[in-house]
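Listing of upload_26.csv; format and content: CSV, C-alpha atoms.
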chain,number,residue,atom,x,y,z
N,1,MET,CA,0.4,-83.7,163.4
N,2,SER,CA,1.6,-80.8,161.3
N,3,ASN,CA,-0.9,-78.4,159.7
N,4,GLU,CA,0.0,-79.9,156.3
N,5,GLU,CA,-0.8,-83.4,157.5
N,6,LEU,CA,-4.0,-82.2,159.2
N,7,PHE,CA,-5.4,-80.5,156.1
N,8,ASP,CA,-4.3,-83.4,153.9
N,9,SER,CA,-6.5,-85.6,156.1
N,10,LEU,CA,-9.4,-83.3,155.8
N,11,ALA,CA,-9.2,-82.6,152.1
N,12,LYS,CA,-11.7,-85.1,150.8
N,13,ARG,CA,-14.5,-84.0,153.1
N,14,TYR,CA,-13.6,-80.3,153.2
N,15,ASP,CA,-16.2,-79.2,150.7
N,16,GLU,CA,-19.0,-81.2,152.1
N,17,TRP,CA,-19.8,-78.7,154.8
N,18,TYR,CA,-20.6,-76.0,152.2
N,19,LYS,CA,-23.3,-78.3,150.8
N,20,THR,CA,-25.3,-78.2,154.1
N,21,PRO,CA,-28.0,-75.6,154.6
N,22,LEU,CA,-25.9,-73.8,157.2
N,23,GLY,CA,-22.7,-74.0,155.2
N,24,SER,CA,-24.4,-72.7,152.1
N,25,PHE,CA,-25.9,-69.8,154.0
N,26,VAL,CA,-22.6,-68.8,155.6
N,27,ASP,CA,-20.7,-69.3,152.4
N,28,LEU,CA,-22.9,-66.8,150.6
N,29,LEU,CA,-22.5,-64.2,153.4
N,30,GLU,CA,-18.8,-64.5,153.3
N,31,PHE,CA,-18.4,-64.4,149.5
N,32,ASN,CA,-20.6,-61.3,149.2
N,33,LEU,CA,-18.5,-59.5,151.8
N,34,ILE,CA,-15.3,-60.4,149.9
N,35,LEU,CA,-16.8,-59.1,146.7
N,36,LYS,CA,-17.8,-55.8,148.4
N,37,HIS,CA,-14.2,-55.3,149.6
N,38,SER,CA,-12.6,-56.3,146.3
N,39,GLY,CA,-14.2,-53.5,144.3
N,40,GLY,CA,-14.2,-55.8,141.2
N,41,MET,CA,-11.9,-58.5,140.0
N,42,LEU,CA,-12.1,-58.3,136.2
N,43,GLY,CA,-8.7,-58.4,134.6
N,44,LYS,CA,-6.9,-58.4,138.0
N,45,ARG,CA,-4.0,-60.7,138.9
N,46,ILE,CA,-5.0,-62.2,142.2
N,47,LEU,CA,-3.0,-64.3,144.7
N,48,ASP,CA,-5.2,-66.6,146.8
N,49,VAL,CA,-3.2,-67.4,149.9
N,50,GLY,CA,-4.2,-70.7,151.5
N,51,CYS,CA,-6.5,-71.6,148.6
N,52,GLY,CA,-7.5,-75.0,150.1
N,53,THR,CA,-9.6,-76.9,147.7
N,54,GLY,CA,-9.8,-74.0,145.3
N,55,ASN,CA,-13.4,-72.8,145.9
N,56,TYR,CA,-12.5,-69.2,145.9
N,57,SER,CA,-9.9,-69.4,143.2
N,58,VAL,CA,-12.4,-70.8,140.8
N,59,ARG,CA,-15.0,-68.1,141.7
N,60,PHE,CA,-12.4,-65.3,141.3
N,61,ALA,CA,-11.5,-66.7,137.9
N,62,ASN,CA,-15.1,-66.9,136.8
N,63,LEU,CA,-15.3,-63.2,137.6
N,64,GLY,CA,-12.6,-62.5,135.2
N,65,ALA,CA,-9.5,-62.6,137.4
N,66,HIS,CA,-6.1,-64.3,136.6
N,67,VAL,CA,-5.6,-66.4,139.7
N,68,THR,CA,-2.7,-68.0,141.4
N,69,GLY,CA,-3.5,-70.2,144.4
N,70,ILE,CA,-1.0,-71.4,147.0
N,71,ASP,CA,-1.5,-73.9,149.8
N,72,SER,CA,0.7,-76.1,151.9
N,73,SER,CA,-1.5,-79.2,151.6
N,74,GLU,CA,-0.8,-81.6,148.6
N,75,GLU,CA,-4.2,-83.2,149.0
N,76,MET,CA,-6.0,-79.9,149.0
N,77,LEU,CA,-4.1,-78.8,145.9
N,78,SER,CA,-4.9,-82.1,144.2
N,79,ILE,CA,-8.6,-81.4,144.6
N,80,SER,CA,-8.1,-77.8,143.4
N,81,GLU,CA,-6.5,-79.1,140.2
N,82,SER,CA,-9.3,-81.6,139.6
N,83,LYS,CA,-11.8,-78.7,139.6
N,84,ILE,CA,-10.1,-77.0,136.7
N,85,LYS,CA,-8.8,-80.0,134.7
N,86,ASP,CA,-11.4,-79.7,132.0
N,87,SER,CA,-11.7,-75.9,132.0
N,88,ILE,CA,-9.8,-73.0,130.4
N,89,LEU,CA,-9.9,-70.8,133.5
N,90,PRO,CA,-6.7,-68.8,134.1
N,91,ILE,CA,-5.7,-70.5,137.4
N,92,HIS,CA,-2.4,-71.8,138.5
N,93,PHE,CA,-1.9,-73.7,141.8
N,94,HIS,CA,1.4,-74.1,143.7
N,95,LYS,CA,2.5,-75.7,146.9
N,96,ALA,CA,3.9,-73.0,149.1
N,97,GLU,CA,3.8,-71.5,152.6
N,98,ALA,CA,2.3,-68.1,153.4
N,99,GLU,CA,5.4,-67.2,155.4
N,100,SER,CA,7.6,-67.5,152.3
N,101,LEU,CA,5.8,-66.8,149.1
N,102,PRO,CA,7.7,-67.9,145.9
N,103,PHE,CA,6.9,-64.7,144.0
N,104,ASP,CA,8.7,-61.5,143.1
N,105,ASN,CA,8.0,-58.2,144.7
N,106,ASN,CA,5.0,-56.3,143.3
N,107,SER,CA,3.6,-59.3,141.4
N,108,PHE,CA,-0.2,-59.1,142.1
N,109,ASP,CA,-3.0,-56.6,141.8
N,110,MET,CA,-4.8,-58.2,144.7
N,111,VAL,CA,-3.9,-60.6,147.5
N,112,ILE,CA,-6.7,-62.4,149.3
N,113,SER,CA,-6.5,-64.8,152.2
N,114,VAL,CA,-9.6,-66.5,153.5
N,115,ASN,CA,-9.6,-68.3,156.8
N,116,SER,CA,-6.0,-69.5,156.4
N,117,LEU,CA,-3.8,-67.2,158.5
N,118,GLU,CA,-5.1,-68.8,161.7
N,119,PHE,CA,-3.1,-71.9,160.8
N,120,VAL,CA,0.3,-70.5,159.8
N,121,ASN,CA,3.3,-70.7,162.1
N,122,ASP,CA,4.3,-67.1,161.7
N,123,GLN,CA,1.4,-64.7,161.3
N,124,ALA,CA,3.4,-61.5,161.2
N,125,ASN,CA,5.7,-62.7,158.5
N,126,SER,CA,2.7,-63.9,156.5
N,127,PHE,CA,1.2,-60.4,156.5
N,128,LYS,CA,4.6,-59.0,155.4
N,129,GLU,CA,4.9,-61.5,152.6
N,130,CYS,CA,1.4,-60.7,151.3
N,131,TYR,CA,2.4,-57.0,151.4
N,132,ARG,CA,5.7,-57.7,149.6
N,133,VAL,CA,4.1,-59.4,146.6
N,134,LEU,CA,1.4,-56.8,146.2
N,135,LYS,CA,1.7,-54.1,143.6
N,136,LYS,CA,1.8,-50.5,144.6
N,137,GLY,CA,-1.9,-49.4,144.7
N,138,GLY,CA,-3.0,-53.0,144.9
N,139,LYS,CA,-5.5,-54.2,147.5
N,140,ALA,CA,-5.0,-56.8,150.3
N,141,ILE,CA,-8.0,-58.6,151.7
N,142,PHE,CA,-7.5,-60.6,154.9
N,143,CYS,CA,-10.5,-62.8,156.0
N,144,VAL,CA,-10.0,-64.3,159.5
N,145,LEU,CA,-12.0,-66.0,162.2
N,146,ASN,CA,-13.0,-63.7,165.0
N,147,GLU,CA,-12.3,-65.0,168.5
N,148,GLU,CA,-14.8,-62.4,169.9
N,149,SER,CA,-17.7,-63.8,167.9
N,150,LEU,CA,-20.6,-65.9,169.2
N,151,TRP,CA,-19.9,-68.5,166.6
N,152,ILE,CA,-16.3,-69.2,167.7
N,153,ASN,CA,-17.2,-69.2,171.4
N,154,THR,CA,-20.0,-71.7,170.9
N,155,LEU,CA,-17.8,-73.8,168.6
N,156,LYS,CA,-15.2,-74.1,171.3
N,157,LYS,CA,-17.8,-75.6,173.6
N,158,GLN,CA,-18.6,-78.4,171.2
N,159,PRO,CA,-17.4,-81.9,172.2
N,160,GLU,CA,-15.7,-82.4,168.9
N,161,PHE,CA,-13.7,-79.2,169.1
N,162,SER,CA,-10.7,-80.8,170.8
N,163,THR,CA,-10.2,-83.1,167.8
N,164,SER,CA,-11.1,-80.6,165.1
N,165,VAL,CA,-9.0,-78.6,162.7
N,166,TYR,CA,-9.6,-75.5,164.9
N,167,LYS,CA,-8.2,-76.8,168.2
N,168,ASP,CA,-4.8,-75.2,167.6
N,169,ALA,CA,-6.0,-72.3,165.5
N,170,LYS,CA,-4.7,-68.9,166.4
N,171,PHE,CA,-7.9,-66.9,166.2
N,172,PHE,CA,-7.9,-63.1,165.5
N,173,THR,CA,-9.7,-60.2,167.2
N,174,PRO,CA,-10.5,-56.9,165.4
N,175,PHE,CA,-7.7,-55.3,167.4
N,176,LEU,CA,-5.1,-57.9,166.4
N,177,LEU,CA,-6.0,-57.7,162.8
N,178,LYS,CA,-5.6,-53.9,162.9
N,179,GLN,CA,-2.2,-54.4,164.7
N,180,TYR,CA,-0.9,-56.7,161.9
N,181,LEU,CA,-2.0,-54.3,159.3
N,182,SER,CA,-0.4,-51.3,161.1
N,183,ILE,CA,3.0,-52.9,161.1
N,184,LEU,CA,3.0,-52.4,157.4
N,185,ASP,CA,3.4,-48.6,157.3
N,186,SER,CA,2.6,-48.2,153.6
N,187,PHE,CA,-0.8,-49.8,153.9
N,188,SER,CA,-3.7,-47.4,153.9
N,189,LYS,CA,-6.0,-47.3,156.9
N,190,PRO,CA,-7.7,-50.7,156.9
N,191,ASN,CA,-11.5,-51.1,156.4
N,192,LEU,CA,-12.9,-53.7,158.8
N,193,GLU,CA,-16.2,-55.4,158.6
N,194,SER,CA,-17.7,-58.8,159.7
N,195,CYS,CA,-20.5,-61.2,159.1
N,196,VAL,CA,-21.8,-64.5,160.4
N,197,PHE,CA,-23.3,-63.4,163.7
N,198,LEU,CA,-25.0,-66.8,164.3
N,199,ASN,CA,-24.6,-69.2,167.2
N,200,TYR,CA,-22.8,-72.3,165.9
N,201,ASN,CA,-25.7,-74.8,166.0
N,202,PRO,CA,-26.2,-76.6,162.6
N,203,ALA,CA,-29.1,-78.8,164.0
N,204,LEU,CA,-31.2,-75.7,164.8
N,205,PHE,CA,-30.4,-73.7,161.7
N,206,LEU,CA,-33.4,-72.0,160.0
N,207,GLU,CA,-32.6,-69.6,157.2
N,208,PRO,CA,-35.3,-66.9,157.8
N,209,ASP,CA,-34.4,-66.7,161.5
N,210,ALA,CA,-30.7,-66.6,160.6
N,211,GLN,CA,-31.1,-63.8,158.2
N,212,PHE,CA,-33.0,-61.7,160.8
N,213,ILE,CA,-30.3,-62.4,163.4
N,214,GLU,CA,-27.6,-61.5,160.8
N,215,THR,CA,-29.2,-58.2,160.0
N,216,VAL,CA,-29.9,-57.1,163.6
N,217,ARG,CA,-26.5,-58.1,165.0
N,218,ARG,CA,-24.6,-56.6,162.1
N,219,PHE,CA,-26.2,-53.3,162.9
N,220,ILE,CA,-25.7,-53.5,166.7
N,221,ARG,CA,-22.2,-55.1,166.9
N,222,PRO,CA,-20.6,-54.7,163.5
N,223,LEU,CA,-17.2,-56.3,164.4
N,224,LYS,CA,-18.5,-59.3,166.4
N,225,GLY,CA,-19.2,-61.6,163.4
N,226,ALA,CA,-17.2,-64.8,163.0
N,227,PHE,CA,-16.0,-63.8,159.6
N,228,LEU,CA,-13.8,-60.8,160.1
N,229,ILE,CA,-12.5,-59.0,157.0
N,230,GLY,CA,-9.8,-56.3,156.8
N,231,SER,CA,-8.9,-54.7,153.5
N,232,ALA,CA,-6.2,-52.1,152.7
N,233,ARG,CA,-4.3,-50.7,149.8
N,234,LYS,CA,-0.5,-50.6,149.4
structure tokens encoding of this file:
Amino acid sequence: MSNEELFDSLAKRYDEWYKTPLGSFVDLLEFNLILKHSGGMLGKRILDVGCGTGNYSVRFANLGAHVTGIDSSEEMLSISESKIKDSILPIHFHKAEAESLPFDNNSFDMVISVNSLEFVNDQANSFKECYRVLKKGGKAIFCVLNEESLWINTLKKQPEFSTSVYKDAKFFTPFLLKQYLSILDSFSKPNLESCVFLNYNPALFLEPDAQFIETVRRFIRPLKGAFLIGSARK
């Protein structure tokens, strides 16, 4: 099954996880870290690479950005479109691959990719394409799943992992993310951070305990969180 077919099959239940207590907690951590790295989105032209069901695209637009979202899944994009059909939010969705973005050079003030580059066929070229369409002085924000995290390591041990969307994912490490950013010589020195230091165990999730774990582990092992973010300017 291709990545497109896999995500098409998941599209209708993709958002359900974010409605669970654990999903909601993780989502807030991740979104706040993206906002920190963005430095503000008002008036910015943003490309959301691998936009999925449009959750982040809608949020970015609500913060005043003009958003273009791309994804390879028709079903995901259909759900994205349904979220904005009765709104006037400045969002446009397109079917496209991260390895071959259908946009001119220097088109966007900000390029953001959230947990999508693990699933592309050519990671290196995807980074180059994101760089190409970014304006001089613009910011790229790459959010990836960290293979060195407790979350990913416990996720791999779950019985359902072998049939999940993650079974063929090409996870990142902090070193690998730095390597990909370093092949683009004009990028500034990247700023790396992470969050989601929890063990993957939805049945045992308790928010007060999770927040304590998050605070302590982020201080002790700052780049071992499951949600690894690297940002840099062109």
> Distance CA of Lys156 in chain N-CA of Leu176 in chain N, one decimal place?
Replying inline: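 Between these atoms lies a distance of 19.7 Å.
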> What's the 6 Å shell around range 189-204 of chain N, counting only C-alpha atoms, without same-chain residues fewer than 4 positions away, as a PyMOL selection string?
Replying inline: chain N and resi 150-151+154-155+214+223+225-232
>> Counting all atoms listed in the file, which residues sit no farther than 12 Å from the position (6.9, -53.4, 154.9) in the file's frame? I'd like them as JSON, numbers by chain.
In response: {"N": [105, 124, 125, 126, 127, 128, 129, 130, 131, 132, 133, 134, 136, 180, 181, 182, 183, 184, 185, 186, 187, 234]}
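Picture a line from CA of Ala169 in chain N to CA of His37 in chain N; it runs 24.7 Å.
Across N:Arg59, N:Ile88, N:Lys178, N:Pro208, the tightest approach to Phe31 in chain N is made by N:Arg59 when counting all atoms listed in the file.
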> Of the candidates N:Leu42, N:Val120, N:Asn115, N:Leu89, which shows the shortest atom-to-atom distance to Ser72 in chain N, using only C-alpha atoms?
Replying inline: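 Closest residue, counting only C-alpha atoms: N:Val120.
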> Which neighbours of range 51-57 of chain N fall inside 8 Å, counting only C-alpha atoms, when residues of the same chain fewer than 6 positions from it are skipped, and could you give them as a ChimeraX atom specification?
Replying inline: /N:11,14-15,67-71,73,76-81,83,91,113-114
>> Taking all atoms listed in the file into account, name the residue in N:Ile141, N:Leu29, N:Met110, N:Leu47 that is nearest to Arg218 in chain N.
In response: N:Leu29
>> For a test of reading the model, state the distance in Å between CA of His66 in chain N and CA of Ile46 in chain N, rounded to one decimal.
In response: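 A separation of 6.1 Å between them.
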